[in-house]
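Novice: Hey, dropping upload.cif in here, mmCIF, C-alpha atoms:
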data_my_file
loop_
_atom_site.label_atom_id
_atom_site.label_comp_id
_atom_site.auth_asym_id
_atom_site.auth_seq_id
_atom_site.Cartn_x
_atom_site.Cartn_y
_atom_site.Cartn_z
CA MET J 1 -71.58 -57.41 -26.26
CA ILE J 2 -71.75 -57.66 -22.45
CA LEU J 3 -71.70 -53.86 -22.01
CA ALA J 4 -74.24 -53.26 -24.79
CA GLY J 5 -76.45 -56.04 -23.40
CA ALA J 6 -76.23 -54.67 -19.86
CA ILE J 7 -77.24 -51.16 -20.97
CA PHE J 8 -80.19 -52.57 -22.92
CA ILE J 9 -81.41 -54.80 -20.08
CA ILE J 10 -81.15 -52.04 -17.46
CA THR J 11 -82.94 -49.60 -19.79
CA LEU J 12 -85.75 -52.10 -20.43
CA ILE J 13 -86.12 -52.85 -16.71
CA PHE J 14 -86.59 -49.16 -15.95
CA VAL J 15 -89.02 -48.77 -18.90
CA ILE J 16 -91.19 -51.55 -17.44
CA TRP J 17 -90.73 -50.63 -13.76
CA GLN J 18 -91.08 -46.84 -14.11
CA PRO J 19 -89.87 -46.04 -10.56
CA ARG J 20 -91.16 -42.75 -9.13
CA ASP J 21 -93.16 -42.22 -12.34
CA LEU J 22 -90.00 -42.09 -14.46
CA GLN J 23 -91.37 -41.76 -18.00
CA ILE J 24 -90.48 -44.40 -20.62
CA GLY J 25 -89.12 -41.81 -23.05
CA THR J 26 -86.84 -40.28 -20.42
CA THR J 27 -85.48 -43.73 -19.54
CA ALA J 28 -84.79 -44.60 -23.19
CA VAL J 29 -83.00 -41.29 -23.81
CA ILE J 30 -80.85 -41.79 -20.69
CA GLY J 31 -79.96 -45.27 -21.97
CA ALA J 32 -79.02 -43.79 -25.35
CA ILE J 33 -76.82 -41.13 -23.71
CA VAL J 34 -75.08 -43.79 -21.59
CA SER J 35 -74.46 -45.87 -24.73
CA LEU J 36 -72.95 -42.84 -26.44
CA VAL J 37 -70.77 -41.83 -23.48
CA LEU J 38 -69.43 -45.37 -22.99
CA GLY J 39 -68.64 -45.74 -26.69
CA VAL J 40 -71.17 -48.49 -27.40
CA VAL J 41 -72.56 -46.26 -30.15
CA SER J 42 -71.05 -43.26 -31.94
CA LEU J 43 -72.49 -39.99 -33.18
CA ASP J 44 -72.43 -41.47 -36.69
CA ASP J 45 -74.57 -44.34 -35.38
CA VAL J 46 -77.05 -41.84 -33.96
CA LEU J 47 -77.31 -40.23 -37.39
CA ILE J 48 -77.84 -43.65 -39.01
CA VAL J 49 -80.62 -44.52 -36.54
CA THR J 50 -82.23 -41.11 -37.05
CA ASN J 51 -82.18 -41.67 -40.80
CA ILE J 52 -83.92 -45.03 -40.31
CA VAL J 53 -86.67 -43.88 -37.92
CA TRP J 54 -87.39 -40.22 -38.74
CA ASP J 55 -90.22 -40.96 -41.19
CA ALA J 56 -91.86 -43.42 -38.80
CA THR J 57 -91.55 -41.00 -35.88
CA LEU J 58 -93.04 -38.02 -37.73
CA SER J 59 -95.81 -40.24 -39.11
CA PHE J 60 -96.63 -41.42 -35.61
CA ILE J 61 -96.88 -37.83 -34.35
CA GLY J 62 -99.27 -36.97 -37.18
CA ILE J 63 -101.46 -40.04 -36.65
CA ILE J 64 -101.70 -39.41 -32.92
CA ILE J 65 -102.63 -35.74 -33.45
CA LEU J 66 -105.34 -36.77 -35.93
CA SER J 67 -106.59 -39.46 -33.53
CA MET J 68 -106.72 -37.05 -30.59
CA VAL J 69 -108.70 -34.47 -32.59
CA LEU J 70 -111.16 -37.14 -33.75
CA ASP J 71 -111.44 -38.34 -30.17
CA GLU J 72 -112.23 -34.79 -29.02
CA ILE J 73 -115.16 -34.48 -31.43
CA GLY J 74 -116.57 -37.87 -30.35
CA PHE J 75 -115.60 -39.89 -33.44
CA PHE J 76 -114.33 -43.01 -31.62
CA GLU J 77 -117.01 -42.94 -28.94
CA TRP J 78 -119.64 -42.78 -31.69
CA CYS J 79 -118.01 -45.81 -33.35
CA ALA J 80 -117.98 -47.74 -30.06
CA LEU J 81 -121.63 -46.97 -29.34
CA LYS J 82 -122.66 -47.87 -32.89
CA MET J 83 -120.79 -51.15 -32.52
CA ALA J 84 -122.67 -51.90 -29.28
CA LYS J 85 -126.06 -50.99 -30.78
CA PHE J 86 -125.47 -53.22 -33.82
CA SER J 87 -125.02 -56.19 -31.48
CA ASN J 88 -128.63 -55.88 -30.26
CA GLY J 89 -127.50 -57.02 -26.82
CA ASN J 90 -126.01 -60.31 -28.05
CA GLY J 91 -122.77 -60.93 -26.13
CA PHE J 92 -121.09 -62.91 -28.90
CA LYS J 93 -121.88 -60.26 -31.52
CA MET J 94 -120.65 -57.47 -29.26
CA PHE J 95 -117.41 -59.37 -28.66
CA VAL J 96 -116.83 -59.85 -32.40
CA TYR J 97 -117.87 -56.29 -33.28
CA SER J 98 -115.55 -54.83 -30.64
CA ILE J 99 -112.65 -56.78 -32.18
CA LEU J 100 -113.60 -55.58 -35.68
CA LEU J 101 -113.72 -52.01 -34.37
CA GLY J 102 -110.24 -52.49 -32.91
CA ALA J 103 -109.03 -53.86 -36.24
CA PHE J 104 -110.46 -50.82 -38.06
CA VAL J 105 -108.90 -48.31 -35.65
CA SER J 106 -105.55 -50.12 -35.60
CA ALA J 107 -105.38 -50.21 -39.40
CA LEU J 108 -106.22 -46.53 -39.94
CA PHE J 109 -104.85 -44.93 -36.77
CA ALA J 110 -101.99 -47.33 -35.88
CA ASN J 111 -101.77 -49.81 -33.04
CA ASP J 112 -100.60 -47.18 -30.54
CA GLY J 113 -103.58 -45.00 -31.44
CA ALA J 114 -105.91 -47.94 -30.79
CA ALA J 115 -104.31 -48.54 -27.40
CA LEU J 116 -104.34 -44.88 -26.36
CA ILE J 117 -107.73 -43.79 -27.68
CA LEU J 118 -110.01 -46.81 -27.93
CA THR J 119 -109.10 -48.62 -24.69
CA PRO J 120 -110.49 -46.02 -22.23
CA ILE J 121 -113.65 -45.63 -24.34
CA LEU J 122 -114.33 -49.39 -24.39
CA LEU J 123 -113.60 -49.65 -20.67
CA ALA J 124 -116.04 -46.84 -19.90
CA LYS J 125 -118.77 -48.50 -21.97
CA MET J 126 -118.21 -51.89 -20.33
CA ARG J 127 -118.64 -50.27 -16.92
CA VAL J 128 -121.83 -48.50 -17.99
CA LEU J 129 -123.16 -51.89 -19.11
CA ASN J 130 -122.58 -53.21 -15.57
CA LEU J 131 -120.39 -56.10 -16.73
CA ASN J 132 -118.44 -57.99 -14.07
CA MET J 133 -114.65 -57.66 -13.93
CA LYS J 134 -114.01 -61.00 -15.67
CA SER J 135 -116.13 -59.94 -18.63
CA ILE J 136 -114.49 -56.49 -18.75
CA VAL J 137 -111.00 -58.05 -18.74
CA ALA J 138 -112.04 -60.47 -21.51
CA PHE J 139 -113.16 -57.60 -23.76
CA LEU J 140 -110.03 -55.61 -22.91
CA LEU J 141 -107.67 -58.53 -23.59
CA ALA J 142 -109.31 -59.05 -26.97
CA GLY J 143 -109.03 -55.34 -27.77
CA GLY J 144 -105.41 -55.23 -26.66
CA PHE J 145 -104.48 -58.24 -28.78
CA ILE J 146 -106.18 -57.04 -31.96
CA SER J 147 -104.50 -53.62 -31.72
CA ASP J 148 -101.22 -55.31 -32.71
CA SER J 149 -102.41 -58.33 -34.68
CA ALA J 150 -104.46 -56.07 -36.98
CA SER J 151 -101.71 -53.49 -37.52
CA LEU J 152 -100.61 -55.08 -40.79
CA PRO J 153 -102.51 -53.73 -43.83
CA LEU J 154 -101.13 -50.20 -44.35
CA VAL J 155 -97.62 -48.82 -44.12
CA PHE J 156 -98.66 -46.42 -41.35
CA SER J 157 -100.61 -49.03 -39.31
CA ASN J 158 -97.52 -49.68 -37.19
CA LEU J 159 -94.15 -48.00 -36.76
CA THR J 160 -92.50 -51.33 -37.60
CA ASN J 161 -94.25 -51.28 -40.98
CA ILE J 162 -92.91 -47.82 -41.83
CA VAL J 163 -89.35 -48.64 -40.77
CA THR J 164 -89.21 -51.83 -42.86
CA ALA J 165 -91.01 -50.37 -45.88
CA ASN J 166 -88.54 -47.47 -45.96
CA TYR J 167 -85.55 -49.74 -45.35
CA PHE J 168 -86.36 -51.97 -48.34
CA ASN J 169 -87.98 -49.26 -50.50
CA ILE J 170 -91.40 -50.90 -50.45
CA GLY J 171 -94.05 -48.56 -51.87
CA PHE J 172 -97.44 -47.86 -50.29
CA THR J 173 -99.39 -49.74 -53.00
CA GLU J 174 -96.92 -52.62 -53.17
CA TYR J 175 -97.08 -53.00 -49.40
CA ILE J 176 -100.90 -53.20 -49.33
CA SER J 177 -101.01 -55.74 -52.17
CA ASN J 178 -98.74 -58.08 -50.22
CA MET J 179 -100.18 -57.58 -46.73
CA ILE J 180 -103.95 -57.33 -47.26
CA ILE J 181 -104.41 -61.13 -47.21
CA PRO J 182 -102.32 -61.62 -44.03
CA TYR J 183 -104.34 -58.78 -42.46
CA ILE J 184 -107.68 -60.39 -43.24
CA VAL J 185 -106.41 -63.79 -42.09
CA SER J 186 -105.01 -62.24 -38.90
CA VAL J 187 -108.32 -60.59 -38.00
CA ILE J 188 -110.40 -63.71 -38.67
CA THR J 189 -107.93 -66.02 -36.90
CA SER J 190 -107.69 -63.64 -33.94
CA ILE J 191 -111.48 -63.58 -33.55
CA ILE J 192 -111.65 -67.39 -33.59
CA PHE J 193 -108.87 -67.97 -31.06
CA LEU J 194 -109.91 -65.08 -28.81
CA TRP J 195 -113.46 -66.45 -28.67
CA ILE J 196 -112.23 -69.98 -27.90
CA LEU J 197 -110.03 -68.65 -25.10
CA LEU J 198 -112.36 -66.04 -23.59
CA ARG J 199 -115.89 -67.28 -24.39
CA LYS J 200 -116.59 -68.42 -20.82
CA ASP J 201 -116.29 -64.84 -19.58
CA ILE J 202 -118.52 -63.28 -22.24
CA PRO J 203 -122.18 -62.88 -21.14
CA LYS J 204 -124.84 -64.20 -23.51
CA GLU J 205 -127.01 -61.09 -23.21
CA ILE J 206 -126.04 -57.47 -22.50
CA ASP J 207 -128.44 -54.64 -21.69
CA ILE J 208 -127.49 -52.04 -24.32
CA SER J 209 -130.37 -49.76 -23.28
CA LEU J 210 -127.98 -48.44 -20.61
CA LEU J 211 -125.87 -46.80 -23.32
CA LYS J 212 -126.29 -43.33 -24.80
CA GLU J 213 -127.48 -42.80 -28.35
CA PRO J 214 -124.43 -42.56 -30.64
CA LYS J 215 -125.36 -39.16 -32.09
CA SER J 216 -125.50 -37.64 -28.60
CA VAL J 217 -121.71 -37.85 -28.17
CA ILE J 218 -120.85 -35.90 -31.34
CA LYS J 219 -119.69 -32.39 -30.45
CA ASN J 220 -119.99 -30.98 -33.95
CA HIS J 221 -122.05 -32.91 -36.50
CA THR J 222 -120.77 -30.95 -39.49
CA LEU J 223 -117.14 -31.60 -38.53
CA PHE J 224 -117.98 -35.25 -37.82
CA LYS J 225 -119.35 -35.72 -41.36
CA LEU J 226 -116.39 -33.81 -42.76
CA SER J 227 -113.97 -36.11 -40.89
CA TRP J 228 -115.07 -39.14 -42.94
CA ILE J 229 -114.49 -37.22 -46.19
CA PHE J 230 -111.14 -35.99 -44.89
CA LEU J 231 -110.02 -39.52 -44.02
CA ALA J 232 -110.99 -40.74 -47.50
CA PHE J 233 -109.02 -37.96 -49.19
CA LEU J 234 -106.08 -38.58 -46.86
CA LEU J 235 -106.02 -42.25 -47.83
CA VAL J 236 -106.05 -41.27 -51.51
CA GLY J 237 -103.18 -38.92 -50.73
CA TYR J 238 -101.03 -41.83 -49.55
CA PHE J 239 -101.50 -43.55 -52.92
CA ILE J 240 -100.63 -40.35 -54.78
CA GLY J 241 -97.58 -39.89 -52.58
CA ASP J 242 -96.49 -43.42 -53.47
CA ILE J 243 -96.48 -42.51 -57.18
CA TYR J 244 -94.12 -39.59 -56.50
CA ASN J 245 -92.05 -41.47 -53.87
CA LEU J 246 -93.02 -39.06 -51.09
CA PRO J 247 -92.40 -40.07 -47.47
CA VAL J 248 -95.42 -41.39 -45.56
CA SER J 249 -94.93 -38.66 -42.96
CA VAL J 250 -95.77 -35.96 -45.53
CA PHE J 251 -99.39 -37.10 -45.45
CA ALA J 252 -99.53 -38.56 -41.92
CA LEU J 253 -98.11 -35.48 -40.21
CA GLY J 254 -99.54 -33.08 -42.76
CA GLY J 255 -103.00 -34.63 -42.44
CA GLY J 256 -102.89 -34.47 -38.65
CA VAL J 257 -101.88 -30.80 -38.63
CA ILE J 258 -104.41 -29.80 -41.31
CA PHE J 259 -107.29 -31.52 -39.51
CA LEU J 260 -106.21 -29.90 -36.25
CA ILE J 261 -106.45 -26.49 -37.97
CA ILE J 262 -109.87 -27.38 -39.44
CA ALA J 263 -111.14 -28.44 -36.01
CA ARG J 264 -109.84 -25.17 -34.55
CA LEU J 265 -111.74 -23.20 -37.20
CA PHE J 266 -114.89 -25.05 -36.10
CA LYS J 267 -114.02 -24.04 -32.52
CA THR J 268 -114.24 -27.70 -31.46
CA VAL J 269 -110.72 -28.28 -30.13
CA GLU J 270 -107.93 -26.20 -28.65
CA PRO J 271 -104.63 -26.88 -30.50
CA LYS J 272 -102.51 -26.04 -27.44
CA HIS J 273 -104.34 -28.72 -25.44
CA ILE J 274 -103.87 -31.34 -28.19
CA ILE J 275 -100.17 -30.58 -28.60
CA LYS J 276 -99.61 -30.52 -24.84
CA GLU J 277 -101.43 -33.81 -24.24
CA ALA J 278 -99.85 -35.64 -27.20
CA PRO J 279 -97.73 -38.60 -25.98
CA TRP J 280 -94.34 -37.07 -26.70
CA GLN J 281 -92.68 -39.59 -24.41
CA ILE J 282 -93.34 -42.22 -27.06
CA VAL J 283 -91.24 -40.24 -29.54
CA TRP J 284 -88.28 -40.07 -27.16
CA PHE J 285 -88.79 -43.74 -26.30
CA SER J 286 -88.70 -44.71 -29.96
CA ILE J 287 -85.49 -42.83 -30.80
CA GLY J 288 -83.74 -43.62 -27.50
CA LEU J 289 -84.39 -47.37 -27.53
CA TYR J 290 -83.38 -47.65 -31.18
CA ILE J 291 -79.99 -46.10 -30.31
CA VAL J 292 -79.55 -48.41 -27.30
CA VAL J 293 -80.26 -51.50 -29.43
CA TYR J 294 -77.98 -50.25 -32.19
CA GLY J 295 -75.24 -50.86 -29.65
CA LEU J 296 -76.17 -54.56 -29.76
CA LYS J 297 -75.85 -54.40 -33.53
CA ASN J 298 -72.34 -52.95 -33.18
CA ALA J 299 -71.50 -55.77 -30.78
CA GLY J 300 -72.31 -58.37 -33.43
CA LEU J 301 -75.95 -59.34 -32.82
CA THR J 302 -76.95 -58.78 -36.46
CA ASP J 303 -74.08 -61.00 -37.63
CA TYR J 304 -75.43 -63.92 -35.58
CA LEU J 305 -78.95 -63.25 -36.85
CA THR J 306 -77.75 -63.16 -40.47
CA ILE J 307 -76.19 -66.62 -40.06
CA ILE J 308 -79.51 -67.98 -38.72
CA LEU J 309 -81.51 -66.32 -41.51
CA GLN J 310 -79.17 -67.62 -44.20
CA ASP J 311 -79.55 -71.14 -42.84
CA LEU J 312 -83.35 -70.78 -42.84
CA SER J 313 -83.39 -69.44 -46.41
CA GLN J 314 -81.68 -72.64 -47.61
CA ARG J 315 -84.44 -74.84 -46.20
CA GLY J 316 -87.25 -73.76 -48.52
CA ASP J 317 -89.55 -70.74 -48.74
CA THR J 318 -92.15 -71.93 -46.25
CA LEU J 319 -89.66 -72.77 -43.50
CA ALA J 320 -87.75 -69.53 -44.18
CA ILE J 321 -90.93 -67.45 -43.79
CA ILE J 322 -92.08 -69.24 -40.63
CA GLY J 323 -88.57 -69.25 -39.13
CA THR J 324 -88.00 -65.55 -39.83
CA GLY J 325 -91.42 -64.63 -38.42
CA PHE J 326 -90.97 -66.61 -35.22
CA LEU J 327 -87.40 -65.36 -34.75
CA SER J 328 -88.68 -61.79 -34.99
CA ALA J 329 -91.57 -62.67 -32.70
CA PHE J 330 -89.44 -64.11 -29.90
CA LEU J 331 -86.91 -61.28 -30.10
CA SER J 332 -89.79 -58.77 -29.97
CA ALA J 333 -91.27 -60.48 -26.93
CA ILE J 334 -87.90 -60.25 -25.16
CA MET J 335 -86.45 -56.94 -26.33
CA ASN J 336 -89.51 -55.01 -27.65
CA ASN J 337 -90.60 -55.01 -31.28
CA MET J 338 -89.46 -51.49 -32.19
CA PRO J 339 -85.70 -52.14 -31.95
CA THR J 340 -86.18 -55.75 -33.08
CA VAL J 341 -87.56 -54.73 -36.47
CA MET J 342 -84.53 -52.52 -37.12
CA ILE J 343 -82.02 -55.20 -36.07
CA MET J 344 -83.78 -57.82 -38.18
CA ASP J 345 -83.97 -55.48 -41.18
CA ILE J 346 -80.20 -54.96 -41.00
CA ALA J 347 -79.63 -58.72 -40.66
CA LEU J 348 -81.87 -59.39 -43.68
CA GLU J 349 -80.02 -56.78 -45.73
CA ASN J 350 -76.73 -58.47 -44.85
CA MET J 351 -78.03 -61.64 -46.51
CA GLY J 352 -77.91 -59.92 -49.88
CA ASN J 353 -80.78 -60.60 -52.26
CA ILE J 354 -84.14 -61.32 -50.60
CA PRO J 355 -86.46 -62.96 -53.18
CA ASN J 356 -89.62 -60.85 -53.48
CA GLN J 357 -88.75 -59.26 -50.12
CA THR J 358 -90.92 -61.97 -48.56
CA LEU J 359 -88.75 -62.32 -45.49
CA ALA J 360 -89.05 -58.58 -44.88
CA TYR J 361 -92.83 -59.03 -44.67
CA ALA J 362 -92.37 -62.07 -42.42
CA ASN J 363 -90.26 -59.86 -40.15
CA ILE J 364 -93.07 -57.29 -39.95
CA ILE J 365 -95.65 -59.95 -39.10
CA GLY J 366 -93.39 -61.42 -36.42
CA CYS J 367 -92.67 -58.00 -34.94
CA ASN J 368 -96.38 -57.05 -34.91
CA LEU J 369 -97.84 -60.26 -33.45
CA GLY J 370 -94.90 -61.71 -31.53
CA PRO J 371 -94.71 -59.00 -28.84
CA LYS J 372 -98.16 -60.01 -27.59
CA MET J 373 -96.44 -62.89 -25.78
CA THR J 374 -95.16 -60.55 -23.05
CA PRO J 375 -96.42 -57.30 -21.49
CA PHE J 376 -93.30 -55.41 -22.61
CA GLY J 377 -93.11 -56.76 -26.17
CA SER J 378 -94.64 -53.72 -27.82
CA LEU J 379 -95.12 -50.08 -26.96
CA ALA J 380 -98.85 -50.45 -27.66
CA THR J 381 -99.12 -53.10 -24.92
CA LEU J 382 -97.16 -50.98 -22.44
CA LEU J 383 -99.46 -48.03 -23.21
CA TRP J 384 -102.52 -50.29 -22.96
CA LEU J 385 -101.50 -51.58 -19.53
CA HIS J 386 -100.65 -48.05 -18.36
CA VAL J 387 -104.04 -46.70 -19.48
CA LEU J 388 -105.85 -49.58 -17.73
CA ALA J 389 -103.86 -49.13 -14.50
CA LYS J 390 -104.83 -45.43 -14.42
CA LYS J 391 -108.47 -46.53 -14.79
CA GLY J 392 -108.23 -49.01 -11.90
CA VAL J 393 -107.85 -52.23 -13.93
CA ASN J 394 -104.64 -54.09 -13.10
CA ILE J 395 -103.61 -57.06 -15.24
CA SER J 396 -100.64 -58.89 -13.72
CA PHE J 397 -97.49 -59.95 -15.56
CA ILE J 398 -98.37 -63.63 -15.10
CA GLN J 399 -102.01 -63.18 -16.16
CA TYR J 400 -101.06 -61.34 -19.34
CA SER J 401 -98.14 -63.62 -20.23
CA LYS J 402 -100.27 -66.74 -19.79
CA PHE J 403 -102.86 -65.27 -22.17
CA GLY J 404 -100.27 -64.04 -24.68
CA LEU J 405 -98.23 -67.25 -24.80
CA ILE J 406 -101.35 -69.34 -25.45
CA ILE J 407 -102.93 -67.27 -28.21
CA THR J 408 -99.99 -65.69 -30.07
CA PRO J 409 -98.10 -68.71 -31.53
CA PRO J 410 -101.06 -70.33 -33.37
CA VAL J 411 -102.31 -67.00 -34.75
CA LEU J 412 -98.78 -66.05 -35.81
CA LEU J 413 -98.24 -69.40 -37.55
CA ILE J 414 -101.45 -69.17 -39.57
CA VAL J 415 -100.77 -65.55 -40.61
CA LEU J 416 -97.23 -66.42 -41.71
CA LEU J 417 -98.57 -69.33 -43.77
CA SER J 418 -101.03 -66.92 -45.45
CA LEU J 419 -98.06 -64.76 -46.48
#
Could you rewrite the structure in this file as structure tokens?
Specialist:
Amino acid sequence: MILAGAIFIITLIFVIWQPRDLQIGTTAVIGAIVSLVLGVVSLDDVLIVTNIVWDATLSFIGIIILSMVLDEIGFFEWCALKMAKFSNGNGFKMFVYSILLGAFVSALFANDGAALILTPILLAKMRVLNLNMKSIVAFLLAGGFISDSASLPLVFSNLTNIVTANYFNIGFTEYISNMIIPYIVSVITSIIFLWILLRKDIPKEIDISLLKEPKSVIKNHTLFKLSWIFLAFLLVGYFIGDIYNLPVSVFALGGGVIFLIIARLFKTVEPKHIIKEAPWQIVWFSIGLYIVVYGLKNAGLTDYLTIILQDLSQRGDTLAIIGTGFLSAFLSAIMNNMPTVMIMDIALENMGNIPNQTLAYANIIGCNLGPKMTPFGSLATLLWLHVLAKKGVNISFIQYSKFGLIITPPVLLIVLLSL
């Protein structure tokens, strides 16, 4: 346990620190290799981890490719400008609409897509609107929070969703039917608490005349209209795939590649550029960190977690749901939500029968919202902070943690109760 824990802690420190621009994926892979060489994990373990995460990883690649192509044609910038125009210059409305936009993007293009694509667009618009730094940070904090708290409704909205749905054989339709209410509650609750916490920094009036007209940012209007139809058909495809028990990645990756080809035929994007600029480091990070944390599983971590979960399950459904969600949340905040969801899934499976798989859903909610308590709790937050730093906006560890620790627990509690 000491050796496995030491490898994990050192790996996580280097992921957060990134000395000499050492990429997060490279660090995670090095940690995985060290775990393998020192016998903390075996080659069989690597195969087990690969079997658990392959669908989520391929789905992520597809969603990111689709998001990048849509970004190239101006899809997300159009959405952001439309959102601003709808507010009519009212600061409160713009704040709420920006959160709703984040919830929409996070649901359809995953939380990492929201962090990578939407954050720089919103930042650019805030600067055009001549907002002061406090107001800009307030909008950005709200956007960063909703990217994870709204990543609940669809299997592909978060990698944690895909991993757990596959692990417990939860179908696409079944998943939506159980998580749509927590998603709606999460969005509404997030808006309320974010406004209470950040309202002092939101201006009452904003001069939206400084912004471009939404249609001016579209590179190809025919492809833009086609993209909405394509997204609708893709969503239908997920439901059809559920009927035939097809992996989510068939449509996520397939949809991303097909739309990339369509955009190339319209001469709007260059596939080589998209593939080159895709965040491949996230893929290596995902696989590498899962292997590192599997070493903790081998050392007995899941056995301890199973004992705690069994105790919670004997204290009534409500306490079991809340306890499981908060356990996942705190582990995610400390050791990142991606490996946490796998460890918790294994611990839940070790319990035996899980009535209605409710605790599996509680685990997802905890792993999606809980990491907002720390800057390193989720990959989306790490990406979000990295994007902001490149754009000249630095949010300190203390500033973010103070914000996350205040807002996350009450929102998490209410969402778990809605489950």
Novice: I need the residue nearest Leu234 in chain J from this list: J:Ile162, J:Leu66, J:Val415, J:Leu289. Use all atoms listed in the file for the distance.
Specialist: J:Leu66
Novice: Give the answer as one residue: which of J:Leu309, J:Ile65, J:Val187, J:Leu47 has the shortest atom-to-atom distance to Lys276 in chain J, using only C-alpha atoms?
Specialist: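 Closest candidate: J:Ile65.
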Novice: Which residues match the PyMOL selection byres ((chain J and resi 413) around 12) in the file above, as an MDAnalysis selection string?
Specialist: chainID J and resid 182 185:186 189:190 318:319 321:327 329 362 365:366 369:370 407:412 414:419
Novice: Name every residue that the PyMOL selection byres ((chain J and resi 273) around 12) selects in this structure, writing the answer as a PyMOL selection string with chains first and numbers rising.
Specialist: chain J and resi 65+68-69+72+260+264+268-272+274-279
Novice: Hey, what comes out of the PyMOL selection byres ((chain J and resi 56) around 12) on this file? Could you write it as a PyMOL selection string?
Specialist: chain J and resi 49-55+57-63+110+155-167+247-253+282-283+286-287+338+342
Novice: Just give me the residues with any atom within 10 Å of (-76.3, -46.3, -23.8), file coordinates, counting only C-alpha atoms, written as a PyMOL selection string.
Specialist: chain J and resi 3-8+10-11+28-41+288-289+291-295
Novice: Counting only C-alpha atoms, figure out which residue out of J:Phe95, J:Phe109, J:Phe145, J:Phe224 gets nearest to Tyr400 in chain J.
Specialist: J:Phe145
Novice: Go ahead and compute the interatomic distance for CA of Leu211 in chain J and CA of Ile64 in chain J, in Å to one decimal.
Specialist: 27.0 Å
Novice: Please identify all polymer residues within 12 Å of Ile398 in chain J, counting only C-alpha atoms, omitting same-chain residues fewer than 5 positions from it, and present them as a PDB file with C-alpha atoms, keeping the file's coordinate frame.
Specialist:
ATOM      1  CA  MET J 373     -96.440 -62.890 -25.780  1.00  0.00           C
ATOM      2  CA  THR J 374     -95.160 -60.550 -23.050  1.00  0.00           C
ATOM      3  CA  PRO J 375     -96.420 -57.300 -21.490  1.00  0.00           C
ATOM      4  CA  PHE J 403    -102.860 -65.270 -22.170  1.00  0.00           C
ATOM      5  CA  GLY J 404    -100.270 -64.040 -24.680  1.00  0.00           C
ATOM      6  CA  LEU J 405     -98.230 -67.250 -24.800  1.00  0.00           C
TER       7      LEU J 405
END
Novice: Just to confirm, what's the straight-line distance from CA of Leu231 in chain J to CA of Ile262 in chain J in Å (one decimal)?
Specialist: 13.0 Å
Novice: Using CA of Gln281 in chain J and CA of Gln18 in chain J as the two end points, give the distance in Å to one decimal.
Specialist: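 Going from CA of Gln281 in chain J over to CA of Gln18 in chain J covers 12.7 Å.
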Novice: Counting only C-alpha atoms, figure out which residue out of J:Ile243, J:Ala80, J:Ile16, J:Ala138 gets nearest to Phe397 in chain J.
Specialist: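 Comparing J:Ile243, J:Ala80, J:Ile16, J:Ala138 against Phe397 in chain J, the winner is J:Ile16.
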Novice: Using all atoms listed in the file, which protein or nucleic acid residues come within 12 Å of Leu226 in chain J? Drop anything in the same chain fewer than 2 positions from it, and give the result as a ChimeraX atom specification.
Specialist: /J:70,73,75,220-224,228-233,259,262-263,266
Novice: Counting only C-alpha atoms, which residue out of J:Lys200, J:Asn88, J:Ala299, J:Pro120 sits closest to Leu388 in chain J?
Specialist: J:Pro120
Novice: Nearest residue to Tyr361 in chain J out of J:Asp303, J:Asp201, J:Glu174, J:Asp45, using all atoms listed in the file?
Specialist: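 Closest residue, counting all atoms listed in the file: J:Glu174.
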Novice: Applying 9 Å and all atoms listed in the file, which residues near Leu101 in chain J remain after dropping the ones on its own chain fewer than 6 positions away? List them as number ranges by chain.
Specialist: J: 79-80, 83, 143
Novice: Kindly list the centre and edge lengths in Å, rounded to one decimal, for the axis-aligned box that covers all listed atoms of range 389-407 of chain J plus 6 Å on each of its six sides, as JSON.
Specialist:
{"center_x": -103.0, "center_y": -57.4, "center_z": -20.1, "size_x": 23.0, "size_y": 35.9, "size_z": 28.3}
Novice: Save range 52-59 of chain J to a file: N, CA and C atoms, as a PDB file, in the first residue's frame.
Specialist:
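Below you can see selection.pdb, which holds the result:
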ATOM      1  N   ILE J  52     -11.753  -1.896 -19.160  1.00  0.00           N
ATOM      2  CA  ILE J  52     -12.695  -1.025 -18.464  1.00  0.00           C
ATOM      3  C   ILE J  52     -12.819   0.330 -19.154  1.00  0.00           C
ATOM      4  N   VAL J  53     -11.703   0.871 -19.660  1.00  0.00           N
ATOM      5  CA  VAL J  53     -11.702   2.273 -20.112  1.00  0.00           C
ATOM      6  C   VAL J  53     -11.678   2.462 -21.631  1.00  0.00           C
ATOM      7  N   TRP J  54     -11.569   1.395 -22.410  1.00  0.00           N
ATOM      8  CA  TRP J  54     -11.384   1.582 -23.859  1.00  0.00           C
ATOM      9  C   TRP J  54     -12.569   2.304 -24.506  1.00  0.00           C
ATOM     10  N   ASP J  55     -13.785   1.944 -24.110  1.00  0.00           N
ATOM     11  CA  ASP J  55     -14.972   2.560 -24.706  1.00  0.00           C
ATOM     12  C   ASP J  55     -15.037   4.049 -24.360  1.00  0.00           C
ATOM     13  N   ALA J  56     -14.746   4.360 -23.104  1.00  0.00           N
ATOM     14  CA  ALA J  56     -14.752   5.758 -22.663  1.00  0.00           C
ATOM     15  C   ALA J  56     -13.682   6.565 -23.390  1.00  0.00           C
ATOM     16  N   THR J  57     -12.511   5.974 -23.551  1.00  0.00           N
ATOM     17  CA  THR J  57     -11.406   6.674 -24.207  1.00  0.00           C
ATOM     18  C   THR J  57     -11.698   6.964 -25.673  1.00  0.00           C
ATOM     19  N   LEU J  58     -12.185   5.951 -26.407  1.00  0.00           N
ATOM     20  CA  LEU J  58     -12.522   6.147 -27.822  1.00  0.00           C
ATOM     21  C   LEU J  58     -13.677   7.129 -27.983  1.00  0.00           C
ATOM     22  N   SER J  59     -14.639   7.073 -27.063  1.00  0.00           N
ATOM     23  CA  SER J  59     -15.765   8.017 -27.101  1.00  0.00           C
ATOM     24  C   SER J  59     -15.274   9.437 -26.910  1.00  0.00           C
TER      25      SER J  59
END
